[in-house]
$ cat upload-v2.pdb   # PDB, C-alpha atoms, pLDDT in the B column
ATOM      1  CA  MET Y   1      35.214  55.749  55.791  1.00 80.00           C
ATOM      2  CA  GLU Y   2      38.810  56.607  56.597  1.00 91.00           C
ATOM      3  CA  ILE Y   3      39.336  53.098  57.968  1.00 85.00           C
ATOM      4  CA  LEU Y   4      38.087  51.539  54.731  1.00 88.00           C
ATOM      5  CA  GLU Y   5      40.352  53.754  52.656  1.00 92.00           C
ATOM      6  CA  ARG Y   6      43.327  52.822  54.858  1.00 92.00           C
ATOM      7  CA  ARG Y   7      42.512  49.118  54.308  1.00 91.00           C
ATOM      8  CA  ARG Y   8      42.298  49.658  50.544  1.00 93.00           C
ATOM      9  CA  ARG Y   9      45.650  51.458  50.527  1.00 95.00           C
ATOM     10  CA  GLU Y  10      47.250  48.699  52.592  1.00 95.00           C
ATOM     11  CA  ARG Y  11      45.853  46.019  50.269  1.00 96.00           C
ATOM     12  CA  ARG Y  12      47.259  47.895  47.249  1.00 96.00           C
ATOM     13  CA  ARG Y  13      50.629  48.185  49.018  1.00 96.00           C
ATOM     14  CA  ARG Y  14      50.685  44.458  49.765  1.00 97.00           C
ATOM     15  CA  ILE Y  15      49.839  43.596  46.164  1.00 97.00           C
ATOM     16  CA  LYS Y  16      52.591  45.959  44.989  1.00 97.00           C
ATOM     17  CA  VAL Y  17      55.097  44.102  47.218  1.00 97.00           C
ATOM     18  CA  ALA Y  18      53.960  40.831  45.616  1.00 97.00           C
ATOM     19  CA  GLU Y  19      54.298  42.356  42.122  1.00 97.00           C
ATOM     20  CA  GLU Y  20      57.861  43.494  42.850  1.00 96.00           C
ATOM     21  CA  PHE Y  21      58.716  39.991  44.056  1.00 97.00           C
ATOM     22  CA  VAL Y  22      57.276  38.399  40.913  1.00 97.00           C
ATOM     23  CA  LYS Y  23      59.002  40.905  38.599  1.00 96.00           C
ATOM     24  CA  SER Y  24      62.349  39.884  40.066  1.00 96.00           C
ATOM     25  CA  LEU Y  25      61.861  36.226  39.099  1.00 96.00           C
ATOM     26  CA  ARG Y  26      63.428  34.714  35.981  1.00 91.00           C
ATOM     27  CA  LEU Y  27      61.040  31.788  35.558  1.00 92.00           C
ATOM     28  CA  HIS Y  28      59.138  32.810  32.449  1.00 94.00           C
ATOM     29  CA  PRO Y  29      56.673  31.820  31.269  1.00 97.00           C
ATOM     30  CA  LEU Y  30      54.874  31.930  34.591  1.00 97.00           C
ATOM     31  CA  THR Y  31      51.604  32.720  36.284  1.00 98.00           C
ATOM     32  CA  ALA Y  32      51.522  34.484  39.657  1.00 98.00           C
ATOM     33  CA  ILE Y  33      48.424  34.818  41.821  1.00 98.00           C
ATOM     34  CA  VAL Y  34      47.971  36.504  45.206  1.00 98.00           C
ATOM     35  CA  ILE Y  35      45.654  34.333  47.294  1.00 98.00           C
ATOM     36  CA  GLY Y  36      44.418  34.196  50.856  1.00 96.00           C
ATOM     37  CA  SER Y  37      43.735  37.108  53.139  1.00 96.00           C
ATOM     38  CA  THR Y  38      45.500  39.719  50.977  1.00 97.00           C
ATOM     39  CA  ALA Y  39      43.406  38.765  47.942  1.00 96.00           C
ATOM     40  CA  ARG Y  40      40.198  38.738  49.990  1.00 95.00           C
ATOM     41  CA  GLY Y  41      41.076  41.921  51.902  1.00 92.00           C
ATOM     42  CA  ASP Y  42      40.658  40.379  55.359  1.00 94.00           C
ATOM     43  CA  PHE Y  43      44.376  40.414  56.254  1.00 94.00           C
ATOM     44  CA  ASN Y  44      45.792  41.696  59.513  1.00 91.00           C
ATOM     45  CA  GLU Y  45      49.193  43.165  60.285  1.00 88.00           C
ATOM     46  CA  TRP Y  46      50.684  39.683  60.868  1.00 92.00           C
ATOM     47  CA  SER Y  47      49.306  38.122  57.681  1.00 95.00           C
ATOM     48  CA  ASP Y  48      51.714  36.894  55.023  1.00 96.00           C
ATOM     49  CA  ILE Y  49      51.224  37.794  51.389  1.00 98.00           C
ATOM     50  CA  ASP Y  50      50.603  34.379  49.822  1.00 98.00           C
ATOM     51  CA  VAL Y  51      51.736  34.234  46.192  1.00 98.00           C
ATOM     52  CA  VAL Y  52      51.210  31.136  44.057  1.00 98.00           C
ATOM     53  CA  ILE Y  53      53.869  30.977  41.348  1.00 98.00           C
ATOM     54  CA  ILE Y  54      53.265  28.475  38.578  1.00 98.00           C
ATOM     55  CA  SER Y  55      56.153  27.703  36.247  1.00 97.00           C
ATOM     56  CA  ASP Y  56      57.448  24.597  34.553  1.00 97.00           C
ATOM     57  CA  ARG Y  57      60.937  25.994  35.119  1.00 96.00           C
ATOM     58  CA  PHE Y  58      60.673  24.764  38.720  1.00 97.00           C
ATOM     59  CA  PRO Y  59      62.453  21.491  39.460  1.00 96.00           C
ATOM     60  CA  GLU Y  60      60.562  18.369  40.542  1.00 94.00           C
ATOM     61  CA  ASN Y  61      61.901  18.598  44.103  1.00 95.00           C
ATOM     62  CA  PRO Y  62      59.824  21.140  46.104  1.00 90.00           C
ATOM     63  CA  LEU Y  63      62.804  22.093  48.293  1.00 91.00           C
ATOM     64  CA  LYS Y  64      64.874  22.928  45.212  1.00 94.00           C
ATOM     65  CA  ARG Y  65      62.050  25.229  44.060  1.00 95.00           C
ATOM     66  CA  PHE Y  66      62.548  27.399  47.137  1.00 92.00           C
ATOM     67  CA  GLU Y  67      66.260  27.624  46.382  1.00 92.00           C
ATOM     68  CA  LEU Y  68      65.352  29.341  43.090  1.00 91.00           C
ATOM     69  CA  LEU Y  69      63.237  31.864  44.999  1.00 94.00           C
ATOM     70  CA  GLU Y  70      65.311  32.592  48.101  1.00 91.00           C
ATOM     71  CA  ASP Y  71      67.395  35.418  46.596  1.00 93.00           C
ATOM     72  CA  HIS Y  72      64.211  37.194  45.492  1.00 94.00           C
ATOM     73  CA  LEU Y  73      62.137  36.985  48.671  1.00 91.00           C
ATOM     74  CA  ARG Y  74      60.618  40.082  50.204  1.00 90.00           C
ATOM     75  CA  PRO Y  75      59.646  40.405  53.878  1.00 92.00           C
ATOM     76  CA  GLY Y  76      56.133  39.118  54.406  1.00 94.00           C
ATOM     77  CA  VAL Y  77      55.892  37.305  51.052  1.00 97.00           C
ATOM     78  CA  GLU Y  78      55.099  33.598  51.260  1.00 97.00           C
ATOM     79  CA  PRO Y  79      55.688  31.945  47.866  1.00 97.00           C
ATOM     80  CA  ILE Y  80      53.864  28.783  46.868  1.00 97.00           C
ATOM     81  CA  PRO Y  81      55.818  27.353  43.921  1.00 98.00           C
ATOM     82  CA  LEU Y  82      53.992  24.929  41.625  1.00 98.00           C
ATOM     83  CA  ARG Y  83      54.440  23.411  38.215  1.00 97.00           C
ATOM     84  CA  VAL Y  84      51.505  23.087  35.818  1.00 97.00           C
ATOM     85  CA  LYS Y  85      51.498  19.343  36.534  1.00 97.00           C
ATOM     86  CA  ASP Y  86      51.075  20.110  40.257  1.00 97.00           C
ATOM     87  CA  LEU Y  87      48.184  22.453  39.554  1.00 97.00           C
ATOM     88  CA  LEU Y  88      46.420  19.845  37.410  1.00 96.00           C
ATOM     89  CA  ARG Y  89      46.791  17.318  40.227  1.00 96.00           C
ATOM     90  CA  LEU Y  90      45.282  19.826  42.703  1.00 96.00           C
ATOM     91  CA  ILE Y  91      42.380  20.470  40.315  1.00 95.00           C
ATOM     92  CA  LYS Y  92      41.742  16.757  39.980  1.00 94.00           C
ATOM     93  CA  LYS Y  93      41.726  16.393  43.790  1.00 95.00           C
ATOM     94  CA  LYS Y  94      39.404  19.422  44.094  1.00 92.00           C
ATOM     95  CA  ALA Y  95      41.826  20.973  46.577  1.00 95.00           C
ATOM     96  CA  PRO Y  96      40.478  24.128  48.254  1.00 93.00           C
ATOM     97  CA  VAL Y  97      43.537  26.117  47.147  1.00 95.00           C
ATOM     98  CA  VAL Y  98      42.264  25.848  43.559  1.00 95.00           C
ATOM     99  CA  GLU Y  99      39.214  27.942  44.462  1.00 93.00           C
ATOM    100  CA  ASP Y 100      41.521  30.385  46.260  1.00 95.00           C
ATOM    101  CA  MET Y 101      43.512  30.729  43.030  1.00 97.00           C
ATOM    102  CA  ALA Y 102      40.370  31.235  40.936  1.00 95.00           C
ATOM    103  CA  GLU Y 103      39.294  34.023  43.323  1.00 95.00           C
ATOM    104  CA  GLY Y 104      42.809  35.445  43.688  1.00 97.00           C
ATOM    105  CA  VAL Y 105      44.506  38.499  42.224  1.00 98.00           C
ATOM    106  CA  PHE Y 106      46.363  37.553  39.047  1.00 98.00           C
ATOM    107  CA  LEU Y 107      49.616  39.489  38.792  1.00 98.00           C
ATOM    108  CA  VAL Y 108      50.906  37.725  35.664  1.00 97.00           C
ATOM    109  CA  ASP Y 109      49.232  35.026  33.574  1.00 98.00           C
ATOM    110  CA  GLU Y 110      51.609  34.000  30.815  1.00 98.00           C
ATOM    111  CA  LEU Y 111      50.384  30.395  31.070  1.00 97.00           C
ATOM    112  CA  GLY Y 112      46.651  31.045  30.668  1.00 97.00           C
ATOM    113  CA  ILE Y 113      45.852  29.626  34.098  1.00 97.00           C
ATOM    114  CA  ARG Y 114      42.964  32.044  34.714  1.00 96.00           C
ATOM    115  CA  LYS Y 115      41.035  30.518  31.794  1.00 95.00           C
ATOM    116  CA  LEU Y 116      41.860  26.987  32.954  1.00 95.00           C
ATOM    117  CA  LEU Y 117      40.537  27.765  36.443  1.00 95.00           C
ATOM    118  CA  ARG Y 118      37.400  29.440  35.045  1.00 91.00           C
ATOM    119  CA  ASP Y 119      36.738  26.436  32.807  1.00 90.00           C
ATOM    120  CA  GLU Y 120      37.183  24.051  35.745  1.00 87.00           C
ATOM    121  CA  ARG Y 121      34.865  26.144  37.906  1.00 83.00           C
ATOM    122  CA  GLU Y 122      32.246  26.141  35.141  1.00 84.00           C
ATOM    123  CA  LYS Y 123      32.508  22.335  34.844  1.00 81.00           C
ATOM    124  CA  SER Y 124      32.042  21.888  38.580  1.00 76.00           C
ATOM    125  CA  LEU Y 125      29.040  24.256  38.665  1.00 74.00           C
ATOM    126  CA  ASN Y 126      27.444  22.635  35.607  1.00 76.00           C
ATOM    127  CA  PRO Y 127      28.591  18.987  35.644  1.00 71.00           C
ATOM    128  CA  GLY Y 128      26.240  17.910  32.838  1.00 68.00           C
ATOM    129  CA  LYS Y 129      27.612  20.497  30.373  1.00 61.00           C
ATOM    130  CA  SER Y 130      30.945  19.063  29.233  1.00 53.00           C
TER     131      SER Y 130
END

$ encode --input "upload-v2.pdb" --output "structure tokens"
Amino acid sequence: MEILERRRRERRRRIKVAEEFVKSLRLHPLTAIVIGSTARGDFNEWSDIDVVIISDRFPENPLKRFELLEDHLRPGVEPIPLRVKDLLRLIKKKAPVVEDMAEGVFLVDELGIRKLLRDEREKSLNPGKS
């Protein structure tokens, strides 16, 4: 049981690191979601903390998006910057990362992305009910 409690504490610590990163950003309104191994709880000591950040304040150019984030980075945090338009394109393509986001840990949801992802999941599970 001690091992499980240690894992829970480490997961909480990792999510706290992600929260601190997101709080430092000036991209509001935004949605931030921890995905991947930290969200699932199957991380190891070398795993990054993957954080999807969705904001229409990001520029079109993906490299420029990272420039907005570089002064705020924390060790071990791997940001994935998207605009709402990018997310909609991923949903349309049924990209696996969309399911990761739906199952992820929402840190902030000023854009209502959680509901959008739930609605999309419902549509895919019940295609005749639109």

$ resolve_selection --input "upload-v2.pdb" --expression "the PyMOL selection byres ((chain Y and resi 43-58) around 8)" --output "VMD selection string"
chain Y and resid 14 to 15 18 27 to 38 40 to 42 59 to 60 64 to 65 68 76 to 84 87 101

$ write_last_selection --input "upload-v2.pdb" --atoms "C-alpha atoms" --output "tab-separated table (two decimals), in the frame of the given file"
chain	number	residue	atom	x	y	z
Y	14	ARG	CA	50.68	44.46	49.76
Y	15	ILE	CA	49.84	43.60	46.16
Y	18	ALA	CA	53.96	40.83	45.62
Y	27	LEU	CA	61.04	31.79	35.56
Y	28	HIS	CA	59.14	32.81	32.45
Y	29	PRO	CA	56.67	31.82	31.27
Y	30	LEU	CA	54.87	31.93	34.59
Y	31	THR	CA	51.60	32.72	36.28
Y	32	ALA	CA	51.52	34.48	39.66
Y	33	ILE	CA	48.42	34.82	41.82
Y	34	VAL	CA	47.97	36.50	45.21
Y	35	ILE	CA	45.65	34.33	47.29
Y	36	GLY	CA	44.42	34.20	50.86
Y	37	SER	CA	43.74	37.11	53.14
Y	38	THR	CA	45.50	39.72	50.98
Y	40	ARG	CA	40.20	38.74	49.99
Y	41	GLY	CA	41.08	41.92	51.90
Y	42	ASP	CA	40.66	40.38	55.36
Y	59	PRO	CA	62.45	21.49	39.46
Y	60	GLU	CA	60.56	18.37	40.54
Y	64	LYS	CA	64.87	22.93	45.21
Y	65	ARG	CA	62.05	25.23	44.06
Y	68	LEU	CA	65.35	29.34	43.09
Y	76	GLY	CA	56.13	39.12	54.41
Y	77	VAL	CA	55.89	37.30	51.05
Y	78	GLU	CA	55.10	33.60	51.26
Y	79	PRO	CA	55.69	31.94	47.87
Y	80	ILE	CA	53.86	28.78	46.87
Y	81	PRO	CA	55.82	27.35	43.92
Y	82	LEU	CA	53.99	24.93	41.62
Y	83	ARG	CA	54.44	23.41	38.22
Y	84	VAL	CA	51.50	23.09	35.82
Y	87	LEU	CA	48.18	22.45	39.55
Y	101	MET	CA	43.51	30.73	43.03

$ closest_residue --input "upload-v2.pdb" --among "Y:Arg26, Y:Pro127, Y:Glu19, Y:Asp119" --to "Asp71 (chain Y)" --atoms "only C-alpha atoms"
Y:Arg26

$ resolve_selection --input "upload-v2.pdb" --expression "the PyMOL selection byres ((chain Y and resi 98) around 12)" --output "PyMOL selection string"
chain Y and resi 33+35-36+52+82+86-97+99-104+113-114+116-118+120-121

$ atom_distance --input "upload-v2.pdb" --atom1 "CA of Pro75 (chain Y)" --atom2 "CA of Leu4 (chain Y)"
24.3 Å

$ closest_residue --input "upload-v2.pdb" --among "Y:Lys23, Y:Lys85, Y:Lys115, Y:Arg12" --to "Leu73 (chain Y)" --atoms "all atoms listed in the file"
Y:Lys23

$ closest_residue --input "upload-v2.pdb" --among "Y:Glu70, Y:Glu10, Y:Glu122, Y:Glu20" --to "Leu107 (chain Y)" --atoms "all atoms listed in the file"
Y:Glu20

$ axis_aligned_box --input "upload-v2.pdb" --around "region 26-45 of chain Y" --padding-each-side "8 Å" --output "AutoDock Vina command-line options"
--center_x 51.8 --center_y 37.5 --center_z 45.8 --size_x 39.2 --size_y 27.4 --size_z 45.0

$ atom_distance --input "upload-v2.pdb" --atom1 "CA of Arg7 (chain Y)" --atom2 "CA of Ser24 (chain Y)"
26.1 Å

$ closest_residue --input "upload-v2.pdb" --among "Y:Gly112, Y:Glu2, Y:Arg74, Y:Asn126" --to "Val17 (chain Y)" --atoms "all atoms listed in the file"
Y:Arg74

$ atom_distance --input "upload-v2.pdb" --atom1 "CA of Met1 (chain Y)" --atom2 "CA of Phe106 (chain Y)"
27.1 Å

$ build_atoms --input "upload-v2.pdb" --residues "region 19-38 of chain Y" --atoms "N, CA and C atoms" --output "compact mmCIF listing (two decimals), in the frame of the given file"
# COMPACT_ATOMS: atom_id res chain seq x y z
N GLU Y 19 53.92 42.08 43.52
CA GLU Y 19 54.30 42.36 42.12
C GLU Y 19 55.80 42.54 41.98
N GLU Y 20 56.41 43.28 42.90
CA GLU Y 20 57.86 43.49 42.85
C GLU Y 20 58.61 42.17 43.00
N PHE Y 21 58.12 41.32 43.89
CA PHE Y 21 58.72 39.99 44.06
C PHE Y 21 58.64 39.22 42.74
N VAL Y 22 57.47 39.18 42.14
CA VAL Y 22 57.28 38.40 40.91
C VAL Y 22 58.11 38.96 39.77
N LYS Y 23 58.21 40.28 39.67
CA LYS Y 23 59.00 40.90 38.60
C LYS Y 23 60.48 40.52 38.69
N SER Y 24 60.93 40.23 39.89
CA SER Y 24 62.35 39.88 40.07
C SER Y 24 62.67 38.45 39.64
N LEU Y 25 61.66 37.64 39.43
CA LEU Y 25 61.86 36.23 39.10
C LEU Y 25 62.23 36.04 37.63
N ARG Y 26 63.03 35.05 37.36
CA ARG Y 26 63.43 34.71 35.98
C ARG Y 26 62.93 33.30 35.66
N LEU Y 27 61.63 33.11 35.74
CA LEU Y 27 61.04 31.79 35.56
C LEU Y 27 60.01 31.77 34.43
N HIS Y 28 60.15 32.67 33.50
CA HIS Y 28 59.14 32.81 32.45
C HIS Y 28 59.16 31.64 31.48
N PRO Y 29 57.99 31.26 30.98
CA PRO Y 29 56.67 31.82 31.27
C PRO Y 29 56.19 31.38 32.65
N LEU Y 30 55.40 32.23 33.27
CA LEU Y 30 54.87 31.93 34.59
C LEU Y 30 53.52 32.57 34.78
N THR Y 31 52.83 32.10 35.81
CA THR Y 31 51.60 32.72 36.28
C THR Y 31 51.81 32.97 37.77
N ALA Y 32 51.40 34.15 38.24
CA ALA Y 32 51.52 34.48 39.66
C ALA Y 32 50.18 35.03 40.15
N ILE Y 33 49.73 34.48 41.28
CA ILE Y 33 48.42 34.82 41.82
C ILE Y 33 48.56 35.08 43.32
N VAL Y 34 48.06 36.23 43.77
CA VAL Y 34 47.97 36.50 45.21
C VAL Y 34 46.69 35.83 45.69
N ILE Y 35 46.82 35.02 46.74
CA ILE Y 35 45.65 34.33 47.29
C ILE Y 35 45.55 34.65 48.78
N GLY Y 36 44.55 34.08 49.41
CA GLY Y 36 44.42 34.20 50.86
C GLY Y 36 43.90 35.55 51.30
N SER Y 37 44.30 35.92 52.50
CA SER Y 37 43.74 37.11 53.14
C SER Y 37 44.04 38.40 52.39
N THR Y 38 45.19 38.50 51.74
CA THR Y 38 45.50 39.72 50.98
C THR Y 38 44.55 39.83 49.79
